[in-house]
file upload-v4.tsv (TSV, C-alpha atoms)
chain	number	residue	atom	x	y	z
A	1	MET	CA	111.07	94.66	128.52
A	2	LEU	CA	109.91	98.20	127.86
A	3	LEU	CA	106.41	97.08	126.89
A	4	PRO	CA	104.63	93.72	127.18
A	5	ASP	CA	106.17	91.35	124.63
A	6	VAL	CA	108.17	94.19	123.00
A	7	SER	CA	111.90	94.24	123.76
A	8	LEU	CA	114.34	97.08	123.19
A	9	ALA	CA	115.75	95.27	120.15
A	10	LYS	CA	112.29	95.06	118.61
A	11	LEU	CA	111.67	98.76	119.24
A	12	VAL	CA	114.96	99.57	117.50
A	13	LEU	CA	113.89	97.44	114.53
A	14	ILE	CA	110.53	99.25	114.39
A	15	ALA	CA	112.28	102.64	114.52
A	16	ALA	CA	114.70	101.67	111.73
A	17	LEU	CA	111.92	100.56	109.38
A	18	ALA	CA	109.93	103.67	110.28
A	19	ALA	CA	112.82	105.81	109.03
A	20	ILE	CA	113.15	103.82	105.80
A	21	SER	CA	109.43	103.78	105.08
A	22	ALA	CA	109.12	107.52	105.81
A	23	VAL	CA	111.77	108.31	103.21
A	24	THR	CA	110.28	106.00	100.58
A	25	GLY	CA	106.78	107.25	101.39
A	26	GLY	CA	107.88	110.85	101.09
A	27	VAL	CA	109.38	110.16	97.68
A	28	ALA	CA	106.62	108.10	96.12
A	29	GLY	CA	103.66	109.33	98.19
A	30	TYR	CA	103.07	105.95	99.80
A	31	GLY	CA	105.07	103.29	101.52
A	32	THR	CA	104.67	103.75	105.28
A	33	GLY	CA	101.34	101.95	105.46
A	34	ALA	CA	102.60	99.24	103.13
A	35	LEU	CA	105.97	98.53	104.75
A	36	MET	CA	105.35	98.98	108.48
A	37	PRO	CA	102.91	96.03	108.81
A	38	LEU	CA	105.66	93.70	107.62
A	39	VAL	CA	107.63	94.27	110.84
A	40	LEU	CA	104.75	95.17	113.16
A	41	VAL	CA	102.61	92.06	112.64
A	42	PRO	CA	105.31	89.57	113.77
A	43	ILE	CA	106.06	91.75	116.83
A	44	VAL	CA	102.66	92.96	118.08
A	45	GLY	CA	100.21	90.83	116.07
A	46	ALA	CA	97.82	91.92	113.34
A	47	ALA	CA	95.03	93.43	115.43
A	48	PRO	CA	96.88	96.58	116.68
A	49	VAL	CA	98.54	97.40	113.34
A	50	VAL	CA	95.89	99.67	111.83
A	51	PRO	CA	95.51	101.76	115.03
A	52	ILE	CA	99.30	102.07	115.35
A	53	ILE	CA	99.72	103.28	111.78
A	54	ALA	CA	96.69	105.58	112.07
A	55	ILE	CA	98.41	107.45	114.92
A	56	SER	CA	101.94	107.44	113.48
A	57	ALA	CA	100.63	108.59	110.09
A	58	MET	CA	99.51	111.84	111.71
A	59	PHE	CA	103.21	112.72	112.06
A	60	THR	CA	104.25	111.70	108.55
A	61	ASN	CA	101.28	113.31	106.84
A	62	THR	CA	101.75	116.53	108.79
A	63	ALA	CA	105.36	116.58	107.64
A	64	ARG	CA	104.30	115.99	104.03
A	65	VAL	CA	101.80	118.84	104.19
A	66	ALA	CA	104.50	121.14	105.56
A	67	ALA	CA	107.06	120.03	102.98
A	68	PHE	CA	104.80	120.12	99.91
A	69	ARG	CA	102.11	122.63	100.98
A	70	ARG	CA	102.66	124.93	97.99
A	71	SER	CA	101.56	122.14	95.65
A	72	LEU	CA	98.31	121.34	97.50
A	73	ASP	CA	95.09	121.11	95.45
A	74	ALA	CA	92.67	122.21	98.17
A	75	ARG	CA	89.51	121.64	96.11
A	76	ARG	CA	90.23	117.99	95.37
A	77	ALA	CA	91.26	117.46	98.99
A	78	VAL	CA	87.97	118.86	100.31
A	79	ILE	CA	85.92	116.76	97.87
A	80	ALA	CA	87.69	113.57	98.94
A	81	LEU	CA	87.29	114.39	102.63
A	82	ILE	CA	83.56	115.04	102.35
A	83	ALA	CA	83.00	111.87	100.32
A	84	ALA	CA	85.24	109.53	102.32
A	85	LEU	CA	84.80	110.57	105.96
A	86	PRO	CA	81.42	108.84	106.54
A	87	THR	CA	82.53	105.59	104.93
A	88	CYS	CA	85.87	105.75	106.76
A	89	ILE	CA	83.98	105.68	110.06
A	90	LEU	CA	82.17	102.55	108.90
A	91	GLY	CA	85.40	100.85	107.80
A	92	ALA	CA	87.18	101.63	111.07
A	93	TRP	CA	84.25	100.30	113.12
A	94	LEU	CA	84.13	97.08	111.08
A	95	TYR	CA	87.87	96.62	111.68
A	96	THR	CA	87.35	96.64	115.46
A	97	LEU	CA	85.08	93.59	115.06
A	98	LEU	CA	87.78	91.46	113.42
A	99	THR	CA	89.78	88.76	115.20
A	100	GLY	CA	93.59	88.72	114.93
A	101	ARG	CA	93.37	86.18	112.08
A	102	GLY	CA	90.72	88.24	110.31
A	103	ALA	CA	92.81	91.38	110.63
A	104	ALA	CA	95.84	89.60	109.15
A	105	LEU	CA	93.79	88.37	106.19
A	106	VAL	CA	92.32	91.80	105.53
A	107	ILE	CA	95.64	93.65	105.77
A	108	GLY	CA	97.57	91.06	103.75
A	109	SER	CA	94.94	90.88	101.00
A	110	THR	CA	94.71	94.66	100.76
A	111	LEU	CA	98.47	95.07	100.49
A	112	ILE	CA	98.69	92.54	97.66
A	113	ALA	CA	95.68	94.01	95.84
A	114	THR	CA	97.11	97.54	95.83
A	115	VAL	CA	99.94	96.54	93.49
A	116	PRO	CA	97.93	95.42	90.43
A	117	LEU	CA	95.23	98.00	91.19
A	118	ARG	CA	97.73	100.86	91.04
A	119	ARG	CA	99.19	99.54	87.79
A	120	ILE	CA	95.76	99.07	86.18
A	121	LEU	CA	94.62	102.57	87.08
A	122	LYS	CA	97.88	104.05	85.84
A	123	ARG	CA	97.75	102.08	82.57
A	124	ARG	CA	94.25	103.25	81.72
A	125	GLY	CA	95.45	106.81	81.80
A	126	HIS	CA	92.04	108.47	81.52
A	127	LYS	CA	90.97	111.25	83.85
A	128	LEU	CA	88.21	110.81	86.40
A	129	GLY	CA	85.29	113.20	86.19
A	130	GLU	CA	84.14	114.90	89.36
A	131	LYS	CA	81.18	112.56	89.98
A	132	ALA	CA	83.32	109.47	89.44
A	133	TYR	CA	85.97	110.94	91.76
A	134	VAL	CA	83.39	111.49	94.52
A	135	ALA	CA	82.05	107.94	94.17
A	136	ALA	CA	85.54	106.43	94.12
A	137	ALA	CA	86.60	108.46	97.18
A	138	ALA	CA	83.55	107.19	99.09
A	139	GLY	CA	84.47	103.60	98.27
A	140	TRP	CA	88.07	104.22	99.26
A	141	GLY	CA	86.86	105.52	102.62
A	142	ILE	CA	85.63	102.07	103.65
A	143	VAL	CA	88.91	100.45	102.66
A	144	VAL	CA	91.18	103.01	104.34
A	145	GLY	CA	89.07	102.96	107.50
A	146	GLY	CA	89.73	99.29	108.12
A	147	THR	CA	93.09	98.54	106.53
A	148	THR	CA	96.60	99.86	106.10
A	149	GLY	CA	98.43	100.34	102.82
A	150	ALA	CA	95.28	101.62	101.08
A	151	GLY	CA	96.82	105.06	100.53
A	152	VAL	CA	98.04	103.92	97.13
A	153	ILE	CA	94.41	103.81	95.98
A	154	LEU	CA	93.91	107.49	96.79
A	155	LEU	CA	97.15	108.33	95.00
A	156	SER	CA	95.88	106.55	91.91
A	157	LEU	CA	92.55	108.41	92.12
A	158	LEU	CA	94.29	111.77	92.44
A	159	MET	CA	96.53	111.02	89.46
A	160	ALA	CA	93.47	109.94	87.50
A	161	THR	CA	91.98	113.42	88.05
A	162	GLY	CA	95.05	114.97	86.45
A	163	LEU	CA	97.29	115.77	89.43
A	164	GLU	CA	101.01	115.05	89.17
A	165	GLY	CA	104.17	115.01	91.28
A	166	ALA	CA	104.25	116.99	94.49
A	167	ALA	CA	100.58	117.99	94.10
A	168	VAL	CA	99.60	114.34	94.51
A	169	ILE	CA	101.72	113.92	97.65
A	170	ALA	CA	100.46	117.14	99.27
A	171	THR	CA	96.78	116.52	98.50
A	172	ASP	CA	96.98	112.90	99.60
A	173	ALA	CA	98.59	113.98	102.88
A	174	VAL	CA	95.80	116.45	103.71
A	175	VAL	CA	93.08	113.89	102.98
A	176	SER	CA	94.93	111.22	104.95
A	177	LEU	CA	95.19	113.55	107.95
A	178	GLY	CA	91.41	113.87	108.00
A	179	MET	CA	90.97	110.12	107.71
A	180	GLY	CA	93.48	109.58	110.49
A	181	ILE	CA	91.59	111.81	112.91
A	182	VAL	CA	88.38	109.88	112.26
A	183	LYS	CA	90.06	106.48	112.63
A	184	ILE	CA	91.76	107.44	115.88
A	185	ALA	CA	88.44	108.70	117.27
A	186	VAL	CA	86.70	105.43	116.38
A	187	PHE	CA	89.51	103.27	117.75
A	188	GLY	CA	89.57	105.33	120.94
A	189	ALA	CA	85.83	105.01	121.42
A	190	THR	CA	85.99	101.23	120.98
A	191	GLY	CA	88.90	100.72	123.40
A	192	VAL	CA	91.47	99.63	120.80
A	193	LEU	CA	94.06	102.27	121.75
A	194	THR	CA	96.09	100.52	124.46
A	195	THR	CA	99.26	101.92	126.01
A	196	SER	CA	101.46	99.71	123.83
A	197	VAL	CA	99.65	100.85	120.67
A	198	VAL	CA	100.10	104.54	121.53
A	199	VAL	CA	103.78	104.20	122.56
A	200	ILE	CA	104.77	102.28	119.43
A	201	ALA	CA	102.80	104.68	117.23
A	202	LEU	CA	104.51	107.70	118.80
A	203	LEU	CA	107.93	106.07	118.33
A	204	ILE	CA	107.23	105.55	114.63
A	205	GLY	CA	105.85	109.06	114.21
A	206	VAL	CA	108.74	110.82	115.96
A	207	VAL	CA	111.33	108.90	113.91
A	208	ALA	CA	109.46	109.34	110.62
A	209	PHE	CA	108.75	113.08	110.87
A	210	PRO	CA	112.25	114.41	110.04
A	211	CYS	CA	112.78	111.65	107.47
A	212	THR	CA	109.95	113.08	105.39
A	213	PHE	CA	111.94	116.27	104.88
A	214	LEU	CA	114.91	114.18	103.80
A	215	ALA	CA	112.61	112.63	101.21
A	216	LYS	CA	111.81	116.09	99.87
A	217	LEU	CA	115.51	116.65	99.17
A	218	ILE	CA	115.78	113.50	97.04
A	219	VAL	CA	112.29	113.46	95.49
A	220	GLU	CA	113.57	114.85	92.17
A	221	ARG	CA	116.78	112.84	92.12
A	222	LEU	CA	115.71	109.25	92.78
A	223	PRO	CA	114.39	107.16	89.86
A	224	VAL	CA	110.90	106.66	91.22
A	225	HIS	CA	110.10	103.76	88.88
A	226	VAL	CA	112.95	101.74	90.41
A	227	HIS	CA	111.78	102.46	93.94
A	228	THR	CA	108.19	101.64	93.01
A	229	ALA	CA	109.11	98.26	91.52
A	230	MET	CA	111.11	97.31	94.63
A	231	LEU	CA	108.34	98.44	96.95
A	232	ASP	CA	105.75	96.49	94.97
A	233	ALA	CA	107.83	93.32	95.36
A	234	VAL	CA	108.19	93.81	99.10
A	235	VAL	CA	104.47	94.49	99.50
A	236	ILE	CA	103.46	91.34	97.60
A	237	VAL	CA	105.87	89.09	99.48
A	238	GLY	CA	104.99	90.60	102.85
A	239	GLY	CA	101.26	90.44	102.23
A	240	SER	CA	101.53	86.80	101.17
A	241	MET	CA	103.46	85.96	104.34
A	242	MET	CA	100.78	87.62	106.49
A	243	ILE	CA	98.01	85.63	104.80
A	244	ALA	CA	99.98	82.39	105.15
A	245	ALA	CA	100.57	83.10	108.84
A	246	ALA	CA	96.85	83.70	109.37
A	247	PHE	CA	96.06	80.18	108.16
A	248	ARG	CA	98.73	78.52	110.32

call {"tool": "encode", "arguments": {"input": "upload-v4.tsv", "output": "structure tokens"}}
result
Amino acid sequence: MLLPDVSLAKLVLIAALAAISAVTGGVAGYGTGALMPLVLVPIVGAAPVVPIIAISAMFTNTARVAAFRRSLDARRAVIALIAALPTCILGAWLYTLLTGRGAALVIGSTLIATVPLRRILKRRGHKLGEKAYVAAAAGWGIVVGGTTGAGVILLSLLMATGLEGAAVIATDAVVSLGMGIVKIAVFGATGVLTTSVVVIALLIGVVAFPCTFLAKLIVERLPVHVHTAMLDAVVIVGGSMMIAAAFR
């Protein structure tokens, strides 16, 4: 056993899904936070999942910034950071108070909710004004601070302000980097960052980093609507399984 309760075979499985989710996340702008809990929860439990993904996301988001930096909308990124950072601290602190069952319920419910929420926001098609964007970013801060898979909400908000394509991915990555720093600081201060959490997070991050650049190569070639539909199905099924497990 390389880590308590984590065998070599399980680490290989985590690394494989990290590669897959990094490619899908690099193409669609989200996916890592939605897919990784599906394999992490059965292996390490629900409680460490958000800290693990918070650390590993630093690698993937850094890679996205590097790959799509020319498309960054710095103004919208700064607005979201200022609005969401305080509430992100609150959300991360509240997460540390949850039990393993509570964490599973929160993560599973959030994953399932992101699917219809993204579709509703996309269907409405109207642009958010600056005040509405600030308010929405502040609300998103609480959610992203204490859950995983909530990145799809920020993507929807950015698209609602008029951003498209690579600009959405780049701007989301910069904002997510800021959120990640805050979450890691809170988790570190509350003693959540154990050795196992850090090692697994680093494994995911190291594997995912180069895969993000592979995603850049295929971002204009893959039918994104097909990928999105498949990912939505996986998220709903996985989230439902996590909720069911929490009640067992």

call {"tool": "atom_distance", "arguments": {"input": "upload-v4.tsv", "atom1": "CA of Arg69 in chain A", "atom2": "CA of Thr161 in chain A"}}
result
18.8 Å

call {"tool": "residues_near_point", "arguments": {"input": "upload-v4.tsv", "point": "(96.3, 116.1, 96.0)", "cutoff": "12 Å", "atoms": "only C-alpha atoms", "output": "VMD selection string"}}
result
chain A and resid 29 64 to 65 68 to 81 151 154 to 176

call {"tool": "write_last_selection", "arguments": {"input": "upload-v4.tsv", "atoms": "C-alpha atoms", "output": "PDB file, keeping the file's coordinate frame"}}
result
ATOM      1  CA  GLY A  29     103.660 109.330  98.190  1.00  0.00           C
ATOM      2  CA  ARG A  64     104.300 115.990 104.030  1.00  0.00           C
ATOM      3  CA  VAL A  65     101.800 118.840 104.190  1.00  0.00           C
ATOM      4  CA  PHE A  68     104.800 120.120  99.910  1.00  0.00           C
ATOM      5  CA  ARG A  69     102.110 122.630 100.980  1.00  0.00           C
ATOM      6  CA  ARG A  70     102.660 124.930  97.990  1.00  0.00           C
ATOM      7  CA  SER A  71     101.560 122.140  95.650  1.00  0.00           C
ATOM      8  CA  LEU A  72      98.310 121.340  97.500  1.00  0.00           C
ATOM      9  CA  ASP A  73      95.090 121.110  95.450  1.00  0.00           C
ATOM     10  CA  ALA A  74      92.670 122.210  98.170  1.00  0.00           C
ATOM     11  CA  ARG A  75      89.510 121.640  96.110  1.00  0.00           C
ATOM     12  CA  ARG A  76      90.230 117.990  95.370  1.00  0.00           C
ATOM     13  CA  ALA A  77      91.260 117.460  98.990  1.00  0.00           C
ATOM     14  CA  VAL A  78      87.970 118.860 100.310  1.00  0.00           C
ATOM     15  CA  ILE A  79      85.920 116.760  97.870  1.00  0.00           C
ATOM     16  CA  ALA A  80      87.690 113.570  98.940  1.00  0.00           C
ATOM     17  CA  LEU A  81      87.290 114.390 102.630  1.00  0.00           C
ATOM     18  CA  GLY A 151      96.820 105.060 100.530  1.00  0.00           C
ATOM     19  CA  LEU A 154      93.910 107.490  96.790  1.00  0.00           C
ATOM     20  CA  LEU A 155      97.150 108.330  95.000  1.00  0.00           C
ATOM     21  CA  SER A 156      95.880 106.550  91.910  1.00  0.00           C
ATOM     22  CA  LEU A 157      92.550 108.410  92.120  1.00  0.00           C
ATOM     23  CA  LEU A 158      94.290 111.770  92.440  1.00  0.00           C
ATOM     24  CA  MET A 159      96.530 111.020  89.460  1.00  0.00           C
ATOM     25  CA  ALA A 160      93.470 109.940  87.500  1.00  0.00           C
ATOM     26  CA  THR A 161      91.980 113.420  88.050  1.00  0.00           C
ATOM     27  CA  GLY A 162      95.050 114.970  86.450  1.00  0.00           C
ATOM     28  CA  LEU A 163      97.290 115.770  89.430  1.00  0.00           C
ATOM     29  CA  GLU A 164     101.010 115.050  89.170  1.00  0.00           C
ATOM     30  CA  GLY A 165     104.170 115.010  91.280  1.00  0.00           C
ATOM     31  CA  ALA A 166     104.250 116.990  94.490  1.00  0.00           C
ATOM     32  CA  ALA A 167     100.580 117.990  94.100  1.00  0.00           C
ATOM     33  CA  VAL A 168      99.600 114.340  94.510  1.00  0.00           C
ATOM     34  CA  ILE A 169     101.720 113.920  97.650  1.00  0.00           C
ATOM     35  CA  ALA A 170     100.460 117.140  99.270  1.00  0.00           C
ATOM     36  CA  THR A 171      96.780 116.520  98.500  1.00  0.00           C
ATOM     37  CA  ASP A 172      96.980 112.900  99.600  1.00  0.00           C
ATOM     38  CA  ALA A 173      98.590 113.980 102.880  1.00  0.00           C
ATOM     39  CA  VAL A 174      95.800 116.450 103.710  1.00  0.00           C
ATOM     40  CA  VAL A 175      93.080 113.890 102.980  1.00  0.00           C
ATOM     41  CA  SER A 176      94.930 111.220 104.950  1.00  0.00           C
TER      42      SER A 176
END

call {"tool": "atom_distance", "arguments": {"input": "upload-v4.tsv", "atom1": "CA of Pro42 in chain A", "atom2": "CA of Thr62 in chain A"}}
result
27.6 Å

call {"tool": "closest_residue", "arguments": {"input": "upload-v4.tsv", "among": "A:Val39, A:Val198, A:Leu203, A:Ile184", "to": "Ala92 in chain A", "atoms": "all atoms listed in the file"}}
result
A:Ile184

call {"tool": "atom_distance", "arguments": {"input": "upload-v4.tsv", "atom1": "CA of Ala54 in chain A", "atom2": "CA of Val192 in chain A"}}
result
11.8 Å

call {"tool": "closest_residue", "arguments": {"input": "upload-v4.tsv", "among": "A:Ala9, A:Ile142, A:Ala47, A:Ile120", "to": "Leu97 in chain A", "atoms": "all atoms listed in the file"}}
result
A:Ala47

call {"tool": "closest_residue", "arguments": {"input": "upload-v4.tsv", "among": "A:Ile14, A:Leu117, A:Val186, A:Ala84", "to": "Ser56 in chain A", "atoms": "all atoms listed in the file"}}
result
A:Ile14

call {"tool": "closest_residue", "arguments": {"input": "upload-v4.tsv", "among": "A:Ala67, A:Ala46, A:Thr147, A:Ala136", "to": "Gly33 in chain A", "atoms": "all atoms listed in the file"}}
result
A:Thr147

call {"tool": "closest_residue", "arguments": {"input": "upload-v4.tsv", "among": "A:Leu94, A:Ala16, A:Ile82, A:Ile55", "to": "Ile200 in chain A", "atoms": "only C-alpha atoms"}}
result
A:Ile55

call {"tool": "residues_around", "arguments": {"input": "upload-v4.tsv", "residues": "Thr190 in chain A", "least_positions_apart": "3", "cutoff": "9 Å", "atoms": "only C-alpha atoms", "output": "list in words"}}
result
Trp93, Thr96, Ala185, Val186, Phe187 and Leu193 of chain A

call {"tool": "closest_residue", "arguments": {"input": "upload-v4.tsv", "among": "A:Leu11, A:Cys88, A:Val143, A:Val197", "to": "Ile53 in chain A", "atoms": "all atoms listed in the file"}}
result
A:Val197

call {"tool": "residues_around", "arguments": {"input": "upload-v4.tsv", "residues": "range 208-218 of chain A", "least_positions_apart": "6", "cutoff": "9 Å", "atoms": "only C-alpha atoms", "output": "list of chain:residue names"}}
result
A:Ala15, A:Ala18, A:Ala19, A:Ile20, A:Ser21, A:Ala22, A:Val23, A:Thr24, A:Gly25, A:Gly26, A:Val27, A:Ser56, A:Ala57, A:Phe59, A:Thr60, A:Asn61, A:Thr62, A:Ala63, A:Arg64, A:Ala66, A:Ala67, A:Phe68

call {"tool": "decode", "arguments": {"input": "upload-v4.tsv", "residues": "range 182-193 of chain A", "atoms": "all heavy atoms", "output": "PDB file, in the first residue's frame"}}
result
ATOM      1  N   VAL A 182      -7.591  30.380  -2.319  1.00  0.00           N
ATOM      2  CA  VAL A 182      -8.363  30.659  -1.104  1.00  0.00           C
ATOM      3  C   VAL A 182      -8.799  29.364  -0.434  1.00  0.00           C
ATOM      4  O   VAL A 182      -8.671  29.195   0.790  1.00  0.00           O
ATOM      5  CB  VAL A 182      -9.594  31.534  -1.437  1.00  0.00           C
ATOM      6  CG1 VAL A 182     -10.546  31.602  -0.247  1.00  0.00           C
ATOM      7  CG2 VAL A 182      -9.147  32.929  -1.842  1.00  0.00           C
ATOM      8  N   LYS A 183      -9.321  28.418  -1.226  1.00  0.00           N
ATOM      9  CA  LYS A 183      -9.798  27.160  -0.662  1.00  0.00           C
ATOM     10  C   LYS A 183      -8.671  26.373  -0.008  1.00  0.00           C
ATOM     11  O   LYS A 183      -8.824  25.839   1.093  1.00  0.00           O
ATOM     12  CB  LYS A 183     -10.476  26.320  -1.761  1.00  0.00           C
ATOM     13  CG  LYS A 183     -11.779  26.917  -2.253  1.00  0.00           C
ATOM     14  CD  LYS A 183     -12.263  26.257  -3.527  1.00  0.00           C
ATOM     15  CE  LYS A 183     -12.718  24.849  -3.303  1.00  0.00           C
ATOM     16  NZ  LYS A 183     -13.346  24.271  -4.518  1.00  0.00           N
ATOM     17  N   ILE A 184      -7.515  26.324  -0.677  1.00  0.00           N
ATOM     18  CA  ILE A 184      -6.382  25.597  -0.113  1.00  0.00           C
ATOM     19  C   ILE A 184      -5.941  26.232   1.197  1.00  0.00           C
ATOM     20  O   ILE A 184      -5.598  25.532   2.163  1.00  0.00           O
ATOM     21  CB  ILE A 184      -5.220  25.561  -1.123  1.00  0.00           C
ATOM     22  CG1 ILE A 184      -5.603  24.683  -2.318  1.00  0.00           C
ATOM     23  CG2 ILE A 184      -3.952  25.028  -0.467  1.00  0.00           C
ATOM     24  CD1 ILE A 184      -4.623  24.773  -3.478  1.00  0.00           C
ATOM     25  N   ALA A 185      -5.948  27.566   1.260  1.00  0.00           N
ATOM     26  CA  ALA A 185      -5.566  28.261   2.493  1.00  0.00           C
ATOM     27  C   ALA A 185      -6.519  27.916   3.632  1.00  0.00           C
ATOM     28  O   ALA A 185      -6.094  27.653   4.769  1.00  0.00           O
ATOM     29  CB  ALA A 185      -5.536  29.767   2.256  1.00  0.00           C
ATOM     30  N   VAL A 186      -7.818  27.900   3.340  1.00  0.00           N
ATOM     31  CA  VAL A 186      -8.814  27.582   4.371  1.00  0.00           C
ATOM     32  C   VAL A 186      -8.674  26.131   4.813  1.00  0.00           C
ATOM     33  O   VAL A 186      -8.678  25.827   6.016  1.00  0.00           O
ATOM     34  CB  VAL A 186     -10.248  27.837   3.851  1.00  0.00           C
ATOM     35  CG1 VAL A 186     -11.287  27.348   4.863  1.00  0.00           C
ATOM     36  CG2 VAL A 186     -10.454  29.325   3.573  1.00  0.00           C
ATOM     37  N   PHE A 187      -8.543  25.216   3.859  1.00  0.00           N
ATOM     38  CA  PHE A 187      -8.403  23.805   4.209  1.00  0.00           C
ATOM     39  C   PHE A 187      -7.119  23.549   4.991  1.00  0.00           C
ATOM     40  O   PHE A 187      -7.080  22.716   5.899  1.00  0.00           O
ATOM     41  CB  PHE A 187      -8.428  22.944   2.940  1.00  0.00           C
ATOM     42  CG  PHE A 187      -9.744  22.972   2.206  1.00  0.00           C
ATOM     43  CD1 PHE A 187      -9.785  22.936   0.824  1.00  0.00           C
ATOM     44  CD2 PHE A 187     -10.943  23.039   2.902  1.00  0.00           C
ATOM     45  CE1 PHE A 187     -10.993  22.960   0.140  1.00  0.00           C
ATOM     46  CE2 PHE A 187     -12.161  23.069   2.232  1.00  0.00           C
ATOM     47  CZ  PHE A 187     -12.180  23.034   0.847  1.00  0.00           C
ATOM     48  N   GLY A 188      -6.054  24.262   4.641  1.00  0.00           N
ATOM     49  CA  GLY A 188      -4.807  24.114   5.378  1.00  0.00           C
ATOM     50  C   GLY A 188      -4.930  24.610   6.802  1.00  0.00           C
ATOM     51  O   GLY A 188      -4.430  23.981   7.742  1.00  0.00           O
ATOM     52  N   ALA A 189      -5.618  25.729   6.977  1.00  0.00           N
ATOM     53  CA  ALA A 189      -5.779  26.307   8.307  1.00  0.00           C
ATOM     54  C   ALA A 189      -6.647  25.445   9.212  1.00  0.00           C
ATOM     55  O   ALA A 189      -6.497  25.459  10.439  1.00  0.00           O
ATOM     56  CB  ALA A 189      -6.373  27.708   8.202  1.00  0.00           C
ATOM     57  N   THR A 190      -7.559  24.681   8.613  1.00  0.00           N
ATOM     58  CA  THR A 190      -8.476  23.851   9.399  1.00  0.00           C
ATOM     59  C   THR A 190      -8.002  22.402   9.527  1.00  0.00           C
ATOM     60  O   THR A 190      -8.723  21.556  10.058  1.00  0.00           O
ATOM     61  CB  THR A 190      -9.891  23.878   8.777  1.00  0.00           C
ATOM     62  OG1 THR A 190      -9.810  23.517   7.394  1.00  0.00           O
ATOM     63  CG2 THR A 190     -10.503  25.264   8.902  1.00  0.00           C
ATOM     64  N   GLY A 191      -6.814  22.096   9.015  1.00  0.00           N
ATOM     65  CA  GLY A 191      -6.242  20.766   9.191  1.00  0.00           C
ATOM     66  C   GLY A 191      -6.786  19.699   8.278  1.00  0.00           C
ATOM     67  O   GLY A 191      -6.624  18.501   8.542  1.00  0.00           O
ATOM     68  N   VAL A 192      -7.424  20.090   7.164  1.00  0.00           N
ATOM     69  CA  VAL A 192      -8.019  19.114   6.252  1.00  0.00           C
ATOM     70  C   VAL A 192      -6.974  18.509   5.312  1.00  0.00           C
ATOM     71  O   VAL A 192      -7.140  17.388   4.823  1.00  0.00           O
ATOM     72  CB  VAL A 192      -9.155  19.780   5.431  1.00  0.00           C
ATOM     73  CG1 VAL A 192      -9.712  18.837   4.381  1.00  0.00           C
ATOM     74  CG2 VAL A 192     -10.269  20.238   6.370  1.00  0.00           C
ATOM     75  N   LEU A 193      -5.884  19.222   5.071  1.00  0.00           N
ATOM     76  CA  LEU A 193      -4.886  18.773   4.092  1.00  0.00           C
ATOM     77  C   LEU A 193      -3.942  17.735   4.700  1.00  0.00           C
ATOM     78  O   LEU A 193      -2.866  18.058   5.193  1.00  0.00           O
ATOM     79  CB  LEU A 193      -4.095  19.972   3.564  1.00  0.00           C
ATOM     80  CG  LEU A 193      -4.917  21.046   2.847  1.00  0.00           C
ATOM     81  CD1 LEU A 193      -4.004  22.138   2.321  1.00  0.00           C
ATOM     82  CD2 LEU A 193      -5.738  20.436   1.719  1.00  0.00           C
TER      83      LEU A 193
END
